[in-house]
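Colleague: So here's coords-v4.cif (mmCIF, C-alpha atoms).
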data_my_file
#
loop_
_atom_site.label_atom_id
_atom_site.label_comp_id
_atom_site.auth_asym_id
_atom_site.auth_seq_id
_atom_site.Cartn_x
_atom_site.Cartn_y
_atom_site.Cartn_z
CA MET A 1 -16.64 28.79 16.94
CA GLY A 2 -18.91 31.54 15.61
CA ILE A 3 -21.73 31.13 13.13
CA ARG A 4 -19.98 33.33 10.60
CA ILE A 5 -16.89 31.14 10.58
CA LYS A 6 -19.00 27.98 10.33
CA ILE A 7 -20.94 29.27 7.32
CA LEU A 8 -17.80 30.67 5.73
CA SER A 9 -16.02 27.33 6.18
CA GLY A 10 -18.92 25.55 4.47
CA PHE A 11 -18.78 27.75 1.41
CA LEU A 12 -14.98 27.75 1.42
CA ILE A 13 -14.91 23.96 1.36
CA LEU A 14 -17.30 23.92 -1.60
CA VAL A 15 -15.12 26.43 -3.44
CA ILE A 16 -11.94 24.44 -2.71
CA MET A 17 -13.57 21.21 -3.95
CA LEU A 18 -14.64 22.78 -7.22
CA ALA A 19 -11.33 24.61 -7.63
CA LEU A 20 -9.41 21.36 -7.12
CA ALA A 21 -11.53 19.55 -9.69
CA GLY A 22 -11.23 22.45 -12.13
CA GLY A 23 -7.46 22.68 -11.63
CA TRP A 24 -6.98 18.99 -12.20
CA SER A 25 -9.20 18.98 -15.29
CA ILE A 26 -7.23 21.91 -16.72
CA TYR A 27 -3.99 20.05 -16.03
CA GLU A 28 -5.26 16.92 -17.79
CA VAL A 29 -6.57 18.86 -20.77
CA ARG A 30 -3.22 20.65 -21.10
CA THR A 31 -1.42 17.31 -20.95
CA MET A 32 -3.80 16.03 -23.62
CA GLY A 33 -2.86 18.99 -25.80
CA GLY A 34 0.79 18.10 -25.22
CA SER A 35 0.12 14.53 -26.38
CA VAL A 36 -1.51 15.74 -29.60
CA SER A 37 1.42 18.03 -30.24
CA ARG A 38 3.83 15.17 -29.53
CA ILE A 39 2.02 12.89 -31.96
CA LEU A 40 2.36 15.53 -34.67
CA ASP A 41 5.91 16.56 -33.88
CA GLU A 42 7.52 13.27 -33.03
CA ASN A 43 5.74 10.69 -35.12
CA TYR A 44 3.81 12.21 -37.97
CA LYS A 45 6.86 14.07 -39.33
CA SER A 46 8.88 10.85 -39.44
CA ILE A 47 5.99 8.91 -41.01
CA HIS A 48 5.66 11.58 -43.69
CA ALA A 49 9.44 11.55 -44.26
CA ALA A 50 9.37 7.75 -44.64
CA GLY A 51 6.58 8.12 -47.22
CA THR A 52 8.63 10.69 -49.14
CA MET A 53 11.70 8.45 -49.11
CA THR A 54 9.73 5.41 -50.31
CA GLU A 55 8.18 7.40 -53.14
CA ALA A 56 11.57 8.84 -54.18
CA LEU A 57 13.17 5.41 -54.01
CA GLU A 58 10.53 3.93 -56.27
CA ARG A 59 11.10 6.74 -58.76
CA GLU A 60 14.83 6.01 -58.65
CA ASP A 61 14.08 2.35 -59.33
CA SER A 62 11.94 3.35 -62.32
CA ALA A 63 14.81 5.56 -63.52
CA MET A 64 17.15 2.55 -63.30
CA LEU A 65 14.74 0.55 -65.50
CA LEU A 66 14.53 3.46 -67.95
CA LEU A 67 18.31 3.48 -68.06
CA LEU A 68 18.31 -0.21 -68.89
CA SER A 69 15.85 0.41 -71.70
CA GLY A 70 18.26 2.95 -73.14
CA ASN A 71 16.47 6.20 -72.27
CA GLU A 72 19.46 7.79 -70.58
CA THR A 73 18.38 11.44 -70.63
CA ASP A 74 15.03 10.91 -68.92
CA ALA A 75 16.55 8.39 -66.53
CA LEU A 76 19.20 10.83 -65.38
CA GLN A 77 16.67 13.61 -64.95
CA ILE A 78 14.31 11.43 -62.90
CA MET A 79 17.20 10.02 -60.90
CA THR A 80 18.52 13.49 -59.96
CA ALA A 81 15.07 14.79 -58.95
CA ALA A 82 14.26 11.63 -56.96
CA ASP A 83 17.64 11.77 -55.24
CA ALA A 84 16.93 15.35 -54.08
CA THR A 85 13.50 14.29 -52.78
CA PHE A 86 15.00 11.31 -50.99
CA GLN A 87 17.66 13.49 -49.36
CA GLU A 88 14.96 15.91 -48.22
CA GLY A 89 12.94 13.10 -46.61
CA TYR A 90 16.07 11.61 -45.11
CA HIS A 91 17.09 14.89 -43.48
CA ILE A 92 13.62 15.36 -41.97
CA ALA A 93 13.83 11.84 -40.49
CA LYS A 94 17.40 12.42 -39.27
CA ASN A 95 16.47 15.67 -37.53
CA ASN A 96 13.41 14.12 -35.90
CA ILE A 97 14.87 11.20 -33.98
CA THR A 98 12.61 10.87 -30.94
CA LEU A 99 12.25 7.14 -30.33
CA PRO A 100 14.81 4.66 -29.05
CA GLY A 101 16.14 2.64 -31.97
CA GLU A 102 15.14 5.29 -34.48
CA ASP A 103 18.71 6.59 -34.74
CA LYS A 104 20.00 3.13 -35.68
CA LEU A 105 17.30 2.75 -38.34
CA VAL A 106 18.12 6.15 -39.82
CA ALA A 107 21.83 5.30 -39.87
CA LYS A 108 20.99 2.00 -41.59
CA ILE A 109 18.91 3.84 -44.20
CA GLU A 110 21.85 6.18 -44.83
CA GLU A 111 24.27 3.28 -45.20
CA ASP A 112 21.96 1.30 -47.49
CA TYR A 113 21.22 4.36 -49.60
CA ARG A 114 24.96 4.91 -50.05
CA THR A 115 25.24 1.30 -51.24
CA TYR A 116 22.26 1.77 -53.56
CA ARG A 117 23.69 4.99 -54.99
CA SER A 118 27.09 3.39 -55.51
CA LEU A 119 25.38 1.06 -57.99
CA TRP A 120 24.44 3.91 -60.30
CA PRO A 121 26.57 3.78 -63.42
CA LYS A 122 29.17 6.53 -63.36
CA THR A 123 30.13 6.67 -67.02
CA ALA A 124 28.52 6.04 -70.39
CA GLU A 125 30.89 3.13 -70.85
CA ALA A 126 29.64 1.58 -67.65
CA GLU A 127 26.06 2.10 -68.76
CA SER A 128 26.63 0.10 -71.91
CA SER A 129 27.65 -2.93 -69.87
CA LEU A 130 24.39 -2.93 -67.88
CA GLY A 131 21.68 -5.56 -68.32
CA PRO A 132 18.81 -7.35 -66.60
CA THR A 133 21.22 -9.65 -64.78
CA TRP A 134 22.99 -6.67 -63.26
CA TYR A 135 19.65 -5.20 -62.22
CA PHE A 136 18.26 -8.37 -60.63
CA GLU A 137 21.49 -9.37 -58.93
CA LYS A 138 22.65 -6.04 -57.57
CA VAL A 139 20.17 -3.18 -57.90
CA HIS A 140 16.92 -4.93 -57.02
CA PRO A 141 18.16 -6.56 -53.75
CA ALA A 142 19.66 -3.21 -52.65
CA PHE A 143 16.37 -1.49 -53.51
CA LEU A 144 14.33 -4.02 -51.52
CA HIS A 145 16.72 -3.80 -48.59
CA LEU A 146 16.47 -0.02 -48.45
CA LYS A 147 12.71 -0.10 -48.83
CA TYR A 148 12.47 -2.54 -45.94
CA ASP A 149 14.55 -0.20 -43.73
CA ILE A 150 12.26 2.72 -44.55
CA SER A 151 9.16 0.65 -43.82
CA GLU A 152 10.71 -0.31 -40.45
CA LEU A 153 11.14 3.38 -39.63
CA ARG A 154 7.55 3.99 -40.63
CA SER A 155 6.25 1.08 -38.50
CA LEU A 156 8.20 2.27 -35.46
CA ASN A 157 6.59 5.70 -35.69
CA ASP A 158 3.18 4.24 -36.56
CA GLU A 159 3.20 2.16 -33.38
CA ALA A 160 4.34 5.09 -31.26
CA MET A 161 1.62 7.27 -32.75
CA TYR A 162 -1.02 4.62 -32.03
CA ALA A 163 0.18 4.28 -28.43
CA ALA A 164 0.17 8.07 -27.97
CA ALA A 165 -3.34 8.27 -29.42
CA SER A 166 -4.49 5.58 -26.98
CA GLN A 167 -3.10 7.69 -24.17
CA LEU A 168 -5.30 10.56 -25.31
CA GLU A 169 -8.38 8.53 -24.41
CA ALA A 170 -6.99 7.99 -20.92
CA HIS A 171 -6.29 11.70 -20.57
CA ALA A 172 -9.84 12.57 -21.64
CA HIS A 173 -11.24 10.18 -19.04
CA ARG A 174 -8.96 11.62 -16.37
CA ALA A 175 -10.00 15.14 -17.31
CA VAL A 176 -13.68 14.27 -16.78
CA MET A 177 -13.44 12.15 -13.61
CA PRO A 178 -12.36 14.87 -11.15
CA GLY A 179 -15.32 16.95 -12.28
CA ILE A 180 -17.77 14.10 -11.68
CA VAL A 181 -16.21 13.31 -8.29
CA ALA A 182 -16.29 16.99 -7.31
CA ILE A 183 -19.94 17.36 -8.32
CA LEU A 184 -20.96 14.26 -6.34
CA SER A 185 -18.87 15.30 -3.33
CA ALA A 186 -20.27 18.82 -3.50
CA LEU A 187 -23.81 17.39 -3.64
CA VAL A 188 -23.26 15.21 -0.57
CA PHE A 189 -21.49 18.08 1.16
CA THR A 190 -24.36 20.48 0.40
CA LEU A 191 -26.88 18.04 1.89
CA ILE A 192 -24.78 17.69 5.06
CA PHE A 193 -24.24 21.45 5.21
CA ASN A 194 -27.98 22.01 4.85
CA TYR A 195 -28.64 19.50 7.65
CA PHE A 196 -26.15 21.24 9.95
CA VAL A 197 -27.52 24.71 9.19
CA HIS A 198 -31.01 23.44 9.94
CA TYR A 199 -30.00 21.54 13.08
CA TYR A 200 -27.55 24.02 14.62
CA MET A 201 -28.93 27.37 13.42
CA VAL A 202 -32.53 27.31 12.28
CA GLY A 203 -33.58 24.73 14.90
CA PRO A 204 -32.19 26.70 17.89
CA ILE A 205 -33.78 29.95 16.60
CA ILE A 206 -37.16 28.20 16.42
CA ARG A 207 -36.65 26.75 19.93
CA ILE A 208 -35.60 30.13 21.34
CA THR A 209 -38.63 31.83 19.79
CA ALA A 210 -40.95 29.13 21.12
CA GLY A 211 -39.27 29.31 24.56
CA VAL A 212 -39.69 33.10 24.81
CA GLN A 213 -43.33 32.88 23.75
CA LYS A 214 -44.01 30.10 26.24
CA SER A 215 -42.36 32.04 29.07
CA MET A 216 -44.29 35.19 28.26
CA GLU A 217 -47.62 33.41 27.99
CA THR A 218 -47.42 30.85 30.83
CA ARG A 219 -44.75 32.52 33.02
CA ALA A 220 -42.76 29.28 32.84
CA PRO A 221 -38.98 29.62 33.18
CA PHE A 222 -37.01 30.03 29.97
CA ASP A 223 -35.38 26.60 29.67
CA VAL A 224 -33.92 26.49 26.17
CA ASN A 225 -30.43 24.98 26.16
CA ILE A 226 -28.19 25.48 23.14
CA GLU A 227 -25.36 22.95 22.99
CA THR A 228 -23.13 24.84 20.55
CA ASN A 229 -20.68 27.44 21.78
CA ASP A 230 -21.66 30.26 19.43
CA GLU A 231 -23.75 33.43 19.09
CA LEU A 232 -27.01 31.47 19.44
CA GLN A 233 -25.95 30.12 22.85
CA ARG A 234 -25.11 33.66 23.96
CA LEU A 235 -28.46 34.88 22.61
CA ALA A 236 -30.31 32.15 24.55
CA SER A 237 -28.37 33.06 27.69
CA ALA A 238 -29.19 36.76 27.28
CA LEU A 239 -32.86 35.98 26.70
CA ARG A 240 -32.90 33.74 29.79
CA ASN A 241 -31.61 36.63 31.90
CA LEU A 242 -34.10 39.01 30.30
CA VAL A 243 -37.08 36.70 30.86
CA ASN A 244 -36.00 36.00 34.46
CA ARG A 245 -35.68 39.72 35.20
CA TYR A 246 -39.01 40.44 33.54
CA GLN A 247 -40.71 37.71 35.57
CA GLN A 248 -39.08 38.88 38.83
CA LYS A 249 -40.12 42.48 38.11
CA SER A 250 -43.70 41.54 37.30
CA ASP A 251 -43.89 39.33 40.46
CA SER A 252 -42.82 42.21 42.67
CA MET B 1 -30.17 8.01 16.76
CA ARG B 2 -28.50 11.39 16.32
CA PRO B 3 -27.23 11.83 12.75
CA HIS B 4 -24.94 14.74 13.68
CA ILE B 5 -22.99 12.46 16.06
CA LEU B 6 -22.61 10.00 13.21
CA PHE B 7 -21.32 12.80 10.96
CA ARG B 8 -18.81 13.97 13.56
CA TYR B 9 -17.22 10.56 14.05
CA SER B 10 -17.32 9.82 10.33
CA GLY B 11 -15.49 13.12 9.94
CA ILE B 12 -12.75 11.97 12.29
CA ILE B 13 -12.36 8.73 10.35
CA LEU B 14 -12.30 10.69 7.09
CA LEU B 15 -9.47 12.80 8.48
CA PHE B 16 -7.58 9.60 9.30
CA ASN B 17 -8.22 8.35 5.76
CA SER B 18 -7.08 11.68 4.42
CA GLY B 19 -3.84 11.47 6.41
CA PHE B 20 -3.04 7.99 5.16
CA LEU B 21 -3.91 8.92 1.58
CA LEU B 22 -1.54 11.86 1.92
CA LEU B 23 1.13 9.46 3.12
CA SER B 24 0.41 7.24 0.10
CA SER B 25 0.67 10.21 -2.23
CA ALA B 26 4.08 11.01 -0.72
CA VAL B 27 5.17 7.44 -1.55
CA SER B 28 3.71 7.89 -5.03
CA LEU B 29 5.67 11.12 -5.43
CA TYR B 30 8.83 9.31 -4.35
CA TYR B 31 8.32 6.61 -6.98
CA ASN B 32 7.10 9.16 -9.56
CA ASP B 33 4.11 7.06 -10.61
CA THR B 34 0.70 7.98 -12.00
CA ALA B 35 -1.20 7.56 -8.72
CA LEU B 36 0.02 10.84 -7.25
CA LEU B 37 -2.81 13.08 -8.44
CA PRO B 38 -5.70 10.66 -7.67
CA LEU B 39 -4.28 9.98 -4.20
CA LEU B 40 -3.70 13.64 -3.48
CA TYR B 41 -7.15 14.58 -4.78
CA SER B 42 -8.87 11.85 -2.72
CA SER B 43 -6.88 12.92 0.31
CA LEU B 44 -8.03 16.52 -0.06
CA ILE B 45 -11.66 15.54 -0.70
CA ALA B 46 -11.62 13.24 2.35
CA GLY B 47 -9.98 15.97 4.43
CA LEU B 48 -12.47 18.62 3.40
CA LEU B 49 -15.47 16.35 3.98
CA GLY B 50 -13.97 15.21 7.29
CA ILE B 51 -13.09 18.56 8.82
CA PHE B 52 -16.51 20.12 8.27
CA PRO B 53 -18.57 18.05 10.80
CA ILE B 54 -15.80 18.54 13.36
CA LEU B 55 -16.18 22.31 13.01
CA PHE B 56 -19.96 22.16 13.31
CA VAL B 57 -20.74 19.35 15.73
CA PRO B 58 -19.61 19.68 19.35
CA PRO B 59 -18.08 16.52 20.87
CA ALA B 60 -20.51 14.10 22.49
CA THR B 61 -19.70 12.05 25.56
CA ASP B 62 -22.82 9.91 25.62
CA ILE B 63 -22.89 7.67 22.58
CA SER B 64 -25.43 4.85 22.63
CA ASN B 65 -24.67 1.30 21.47
CA ASN B 66 -26.80 1.72 18.38
CA GLU B 67 -25.00 4.93 17.48
CA GLY B 68 -21.65 3.20 18.01
CA PHE B 69 -22.57 0.32 15.72
CA THR B 70 -23.89 2.70 13.09
CA ILE B 71 -20.71 4.80 13.31
CA VAL B 72 -18.55 1.70 12.70
CA VAL B 73 -20.61 0.46 9.74
CA ALA B 74 -20.94 3.93 8.22
CA ASN B 75 -17.21 4.52 8.50
CA TRP B 76 -16.38 1.30 6.68
CA LEU B 77 -18.74 2.39 3.92
CA VAL B 78 -17.29 5.91 3.84
CA SER B 79 -13.75 4.51 3.64
CA CYS B 80 -14.80 2.33 0.71
CA LEU B 81 -16.36 5.34 -0.99
CA ILE B 82 -13.17 7.35 -0.60
CA ALA B 83 -11.20 4.44 -2.06
CA GLN B 84 -13.63 4.47 -4.99
CA VAL B 85 -13.06 8.20 -5.48
CA CYS B 86 -9.37 7.46 -5.62
CA GLN B 87 -9.85 4.55 -8.02
CA LYS B 88 -12.31 6.28 -10.32
CA SER B 89 -9.97 9.23 -10.63
CA GLN B 90 -7.53 6.87 -12.31
CA ILE B 91 -8.10 4.92 -15.50
CA GLY B 92 -9.39 1.47 -14.65
CA GLY B 93 -8.13 1.90 -11.12
CA TYR B 94 -4.68 0.79 -12.20
CA PHE B 95 -1.79 2.53 -10.56
CA GLY B 96 1.25 1.70 -12.60
CA PRO B 97 4.52 3.32 -13.45
CA LYS B 98 4.37 6.26 -15.84
CA ILE B 99 4.12 4.87 -19.36
CA ASN B 100 7.17 5.67 -21.38
CA LEU B 101 5.94 5.03 -24.89
CA SER B 102 9.36 5.13 -26.42
CA THR B 103 10.89 2.58 -24.05
CA ASP B 104 7.90 0.28 -24.26
CA ILE B 105 7.99 0.19 -28.03
CA SER B 106 11.70 -0.32 -28.30
CA SER B 107 11.61 -3.21 -25.87
#
Take the structure I supplied and represent it as C-alpha cells, if you would.
Modeller:
Amino acid sequence: MGIRIKILSGFLILVIMLALAGGWSIYEVRTMGGSVSRILDENYKSIHAAGTMTEALEREDSAMLLLLSGNETDALQIMTAADATFQEGYHIAKNNITLPGEDKLVAKIEEDYRTYRSLWPKTAEAESSLGPTWYFEKVHPAFLHLKYDISELRSLNDEAMYAAASQLEAHAHRAVMPGIVAILSALVFTLIFNYFVHYYMVGPIIRITAGVQKSMETRAPFDVNIETNDELQRLASALRNLVNRYQQKSDS
Amino acid sequence: MRPHILFRYSGIILLFNSGFLLLSSAVSLYYNDTALLPLLYSSLIAGLLGIFPILFVPPATDISNNEGFTIVVANWLVSCLIAQVCQKSQIGGYFGPKINLSTDISS
C-alpha cells in the first residue's frame, strides 16, 4: 500500500470519527427539540385547559351562590360567561388527547358537567324553591366531583410533562457524550498516527539518508532494508542499485 | 518490544470487537431498544481504530513471548475501553426498552 493511501486513510478516519460524533449530536439535539415541542403541544395545552375549566367552574359555583342570595341578573350573566369559558377549555382538552386514559377522563368531565348543568334552575318558579339545603345536597357534591375530575386531568398531564422534562436531561447528556468520545478517540488516534508516520516514513528516510552518506564516505555497501511495501522501499532499492553501480564504476 | 506489532494485533482484536458490536446493534435494531446508536457508534469507532494499524503495519512472523503477553493484556484493556465507550454513550450505561412515557404513566 502506497504512502499516499496510508496518509489519506489516516485523515479520512479522523474525519469519519468527527462526522459520526457530529451526526449523532445533531440527531440527539433534534430529538431534544422534539421533546420540548411535545411537552408544549401534548401536556401544557391540556394543563392550561384544566386551569381554565377549574376557574370557570369556580365562577359558576359563585354564580350559584349569588342566585341563592337572590341576585338573579348578575348570577345569570356570570353563569353564561363562565359556561362559555368552561366549554372553551373543555374543547381544547378534548382536541388534545395524547395520553392513555386521558380520553376517559375527558369523557367523565363531560358527563359530570352535564350533570352539574342539569342542576341549574330552568325557570323563575324553580329558582324560588332553591335554598341552602338544595345547594349542599346537590350542587356542591356535583361541583366537587367535577373539580376532582379536572384536577385528575391536570395531574395526568403534569406527570407526563415532568417525565418528558426528565428525558430532556438524558438527551442533553447523550448529545454531549459522542463528542467527548470522538475527541478522546481522535486524540489517541492522532498519537498512533504520529507514531506510525514517524516509524514508517520519517524513520526510513533518515535511515536511507544515513545509509547513502555512509556508503559514499566509507564505500560500505548500501544495506538499508525497508520492511514496508511502499514508495520508500522502492526508493531504497533504487538507491542500492545506484550506489552499487557507482562503487563498481569507481572501482574499475 | 516493538510497539507497532502491539498496535497491529490490537487492531485485529478491535476489528473482532467491532464485528461483535455490529452484531449486537443488529439485535438492538431487531428489538427496537435504545442501545442501537451507542452500539453502532462503538462498533464504528472500534472498526476505525482497528483497521488503521492493519493498513500501516506489515504482518510480523516473529513475535517474542514478551510481545505476546503484552498483546494479550493490552487487548483485554482495549476491549474494556471500547465497552466503556459504548456504556458512556448511553445514560448510566443502562440499555433498556424505549421509554414510552404515556404507557408508563397510565400503568
Colleague: Which polymer residues, whether protein, DNA or RNA, lie within 10 Å of the coordinate (15.1, 8.4, -38.6) when you count only C-alpha atoms? List them as a PyMOL selection string, using the chain letters and numbers from the file.
Modeller: chain A and resi 46-47+49-50+89-99+101-110+150+152-154+156-157
Colleague: What residues in chain A have any atom no more than 7 Å from chain B when counting all atoms listed in the file, and can you write them as a list in words?
Modeller: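 Residues passing the distance filter: Lys6, Ile13, Met17, Leu99, Pro100, Gly101, Ala160, Ala163, Ala170, Arg174, Met177, Pro178, Val181, Phe189 and Thr228 of chain A.
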Colleague: Looking at B:Ile63, B:Leu22, B:Val27, B:Leu14, which one is nearest to B:Ser43, with distances taken over all atoms listed in the file?
Modeller: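 Looking only at the distances to B:Ser43, the closest residue turns out to be B:Leu22.
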Colleague: Could you tell me which residues the PyMOL selection byres ((chain A and resi 132) around 12) grabs in this file, written as a list of chain:residue names?
Modeller: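 Those residues are A:Met64, A:Leu65, A:Leu66, A:Leu67, A:Leu68, A:Ser69, A:Ser129, A:Leu130, A:Gly131, A:Thr133, A:Trp134, A:Tyr135, A:Phe136, A:Glu137, A:Lys138, A:Val139, A:His140.
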Colleague: Atom CA of B:Ile5 and atom CA of B:Asn66, how far apart in Å?
Modeller: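 Separation between atom CA of B:Asn66 and atom CA of B:Ile5: 11.6 Å.
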Colleague: Take the PyMOL selection byres ((chain A and resi 146) around 10), apply it to the structure above, and return the hits as a list in words.
Modeller: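 Selection result, ordered by chain and number: Met53, Thr54, Leu57, Lys108, Ile109, Glu110, Glu111, Asp112, Tyr113, Arg114, Thr115, Tyr116, His140, Pro141, Ala142, Phe143, Leu144, His145, Lys147, Tyr148, Asp149, Ile150, Ser151 and Glu152 of chain A.
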Colleague: For the file shown, report as a list in words the outcome of the PyMOL selection byres ((chain A and resi 22-26) around 7) at residue level.
Modeller: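 Residues picked by the PyMOL selection byres ((chain A and resi 22-26) around 7): Leu18, Ala19, Leu20, Ala21, Tyr27, Glu28, Val29, Arg30, Ala175, Val176, Pro178 and Gly179 of chain A.
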Colleague: For each of A:Asn229, A:Gln87, A:Gln167, A:Asn71, take the minimum atom-to-atom distance to A:Gly2, counting only C-alpha atoms, then give the residue where this is smallest.
Modeller: A:Asn229
Colleague: When you draw a straight line from atom CA of A:Glu55 to atom CA of A:Asp83, how long is it in Å?
Modeller: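 Interatomic distance, atom CA of A:Glu55 to atom CA of A:Asp83: 10.6 Å.
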Colleague: So that I can check the surroundings of stretch 68-77 of chain B, please list as a tab-separated table (two decimals) with C-alpha atoms, keeping the file's coordinate frame every protein, DNA and RNA residue that reaches within 12 Å of it, counting all atoms listed in the file and ignoring chain neighbours fewer than 6 positions away.
Modeller:
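The file below, part-v8.tsv, is the result:
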chain	number	residue	atom	x	y	z
B	1	MET	CA	-30.17	8.01	16.76
B	2	ARG	CA	-28.50	11.39	16.32
B	3	PRO	CA	-27.23	11.83	12.75
B	4	HIS	CA	-24.94	14.74	13.68
B	5	ILE	CA	-22.99	12.46	16.06
B	6	LEU	CA	-22.61	10.00	13.21
B	7	PHE	CA	-21.32	12.80	10.96
B	8	ARG	CA	-18.81	13.97	13.56
B	9	TYR	CA	-17.22	10.56	14.05
B	10	SER	CA	-17.32	9.82	10.33
B	11	GLY	CA	-15.49	13.12	9.94
B	12	ILE	CA	-12.75	11.97	12.29
B	13	ILE	CA	-12.36	8.73	10.35
B	14	LEU	CA	-12.30	10.69	7.09
B	15	LEU	CA	-9.47	12.80	8.48
B	16	PHE	CA	-7.58	9.60	9.30
B	17	ASN	CA	-8.22	8.35	5.76
B	50	GLY	CA	-13.97	15.21	7.29
B	60	ALA	CA	-20.51	14.10	22.49
B	61	THR	CA	-19.70	12.05	25.56
B	62	ASP	CA	-22.82	9.91	25.62
B	83	ALA	CA	-11.20	4.44	-2.06
B	84	GLN	CA	-13.63	4.47	-4.99
Colleague: Output stretch 42-64 of chain B as a short mmCIF file (atom, residue, chain, number, x, y, z; two decimals), in the coordinates of the input, making sure N, CA and C atoms are there.
Modeller:
data_model
loop_
_atom_site.label_atom_id
_atom_site.label_comp_id
_atom_site.auth_asym_id
_atom_site.auth_seq_id
_atom_site.Cartn_x
_atom_site.Cartn_y
_atom_site.Cartn_z
N SER B 42 -8.01 12.58 -3.67
CA SER B 42 -8.87 11.85 -2.72
C SER B 42 -8.56 12.28 -1.30
N SER B 43 -7.28 12.50 -1.03
CA SER B 43 -6.88 12.92 0.31
C SER B 43 -7.51 14.28 0.65
N LEU B 44 -7.46 15.18 -0.31
CA LEU B 44 -8.03 16.52 -0.06
C LEU B 44 -9.55 16.47 0.08
N ILE B 45 -10.19 15.66 -0.78
CA ILE B 45 -11.66 15.54 -0.70
C ILE B 45 -12.05 14.94 0.66
N ALA B 46 -11.33 13.88 1.05
CA ALA B 46 -11.62 13.24 2.35
C ALA B 46 -11.38 14.23 3.49
N GLY B 47 -10.30 14.99 3.39
CA GLY B 47 -9.98 15.97 4.43
C GLY B 47 -11.04 17.05 4.53
N LEU B 48 -11.47 17.55 3.39
CA LEU B 48 -12.47 18.62 3.40
C LEU B 48 -13.81 18.12 3.94
N LEU B 49 -14.20 16.90 3.49
CA LEU B 49 -15.47 16.35 3.98
C LEU B 49 -15.37 16.00 5.47
N GLY B 50 -14.15 15.64 5.91
CA GLY B 50 -13.97 15.21 7.29
C GLY B 50 -13.91 16.36 8.28
N ILE B 51 -13.31 17.46 7.86
CA ILE B 51 -13.09 18.56 8.82
C ILE B 51 -14.39 19.33 9.11
N PHE B 52 -15.29 19.31 8.14
CA PHE B 52 -16.51 20.12 8.27
C PHE B 52 -17.39 19.71 9.46
N PRO B 53 -17.74 18.41 9.63
CA PRO B 53 -18.57 18.05 10.80
C PRO B 53 -17.88 18.34 12.12
N ILE B 54 -16.52 18.27 12.11
CA ILE B 54 -15.80 18.54 13.36
C ILE B 54 -15.93 20.01 13.74
N LEU B 55 -15.99 20.88 12.73
CA LEU B 55 -16.18 22.31 13.01
C LEU B 55 -17.58 22.59 13.54
N PHE B 56 -18.55 21.87 12.99
CA PHE B 56 -19.96 22.16 13.31
C PHE B 56 -20.46 21.46 14.57
N VAL B 57 -20.11 20.16 14.67
CA VAL B 57 -20.74 19.35 15.73
C VAL B 57 -19.86 19.34 16.98
N PRO B 58 -20.40 19.75 18.12
CA PRO B 58 -19.61 19.68 19.35
C PRO B 58 -19.41 18.22 19.78
N PRO B 59 -18.31 17.92 20.48
CA PRO B 59 -18.08 16.52 20.87
C PRO B 59 -19.16 15.99 21.81
N ALA B 60 -19.48 14.71 21.64
CA ALA B 60 -20.51 14.10 22.49
C ALA B 60 -19.84 13.07 23.40
N THR B 61 -20.29 13.02 24.62
CA THR B 61 -19.70 12.05 25.56
C THR B 61 -20.61 10.82 25.72
N ASP B 62 -21.87 11.01 25.43
CA ASP B 62 -22.82 9.91 25.62
C ASP B 62 -23.25 9.33 24.27
N ILE B 63 -22.54 8.30 23.85
CA ILE B 63 -22.89 7.67 22.58
C ILE B 63 -23.54 6.32 22.89
N SER B 64 -24.72 6.10 22.34
CA SER B 64 -25.43 4.85 22.63
C SER B 64 -24.81 3.70 21.82
#
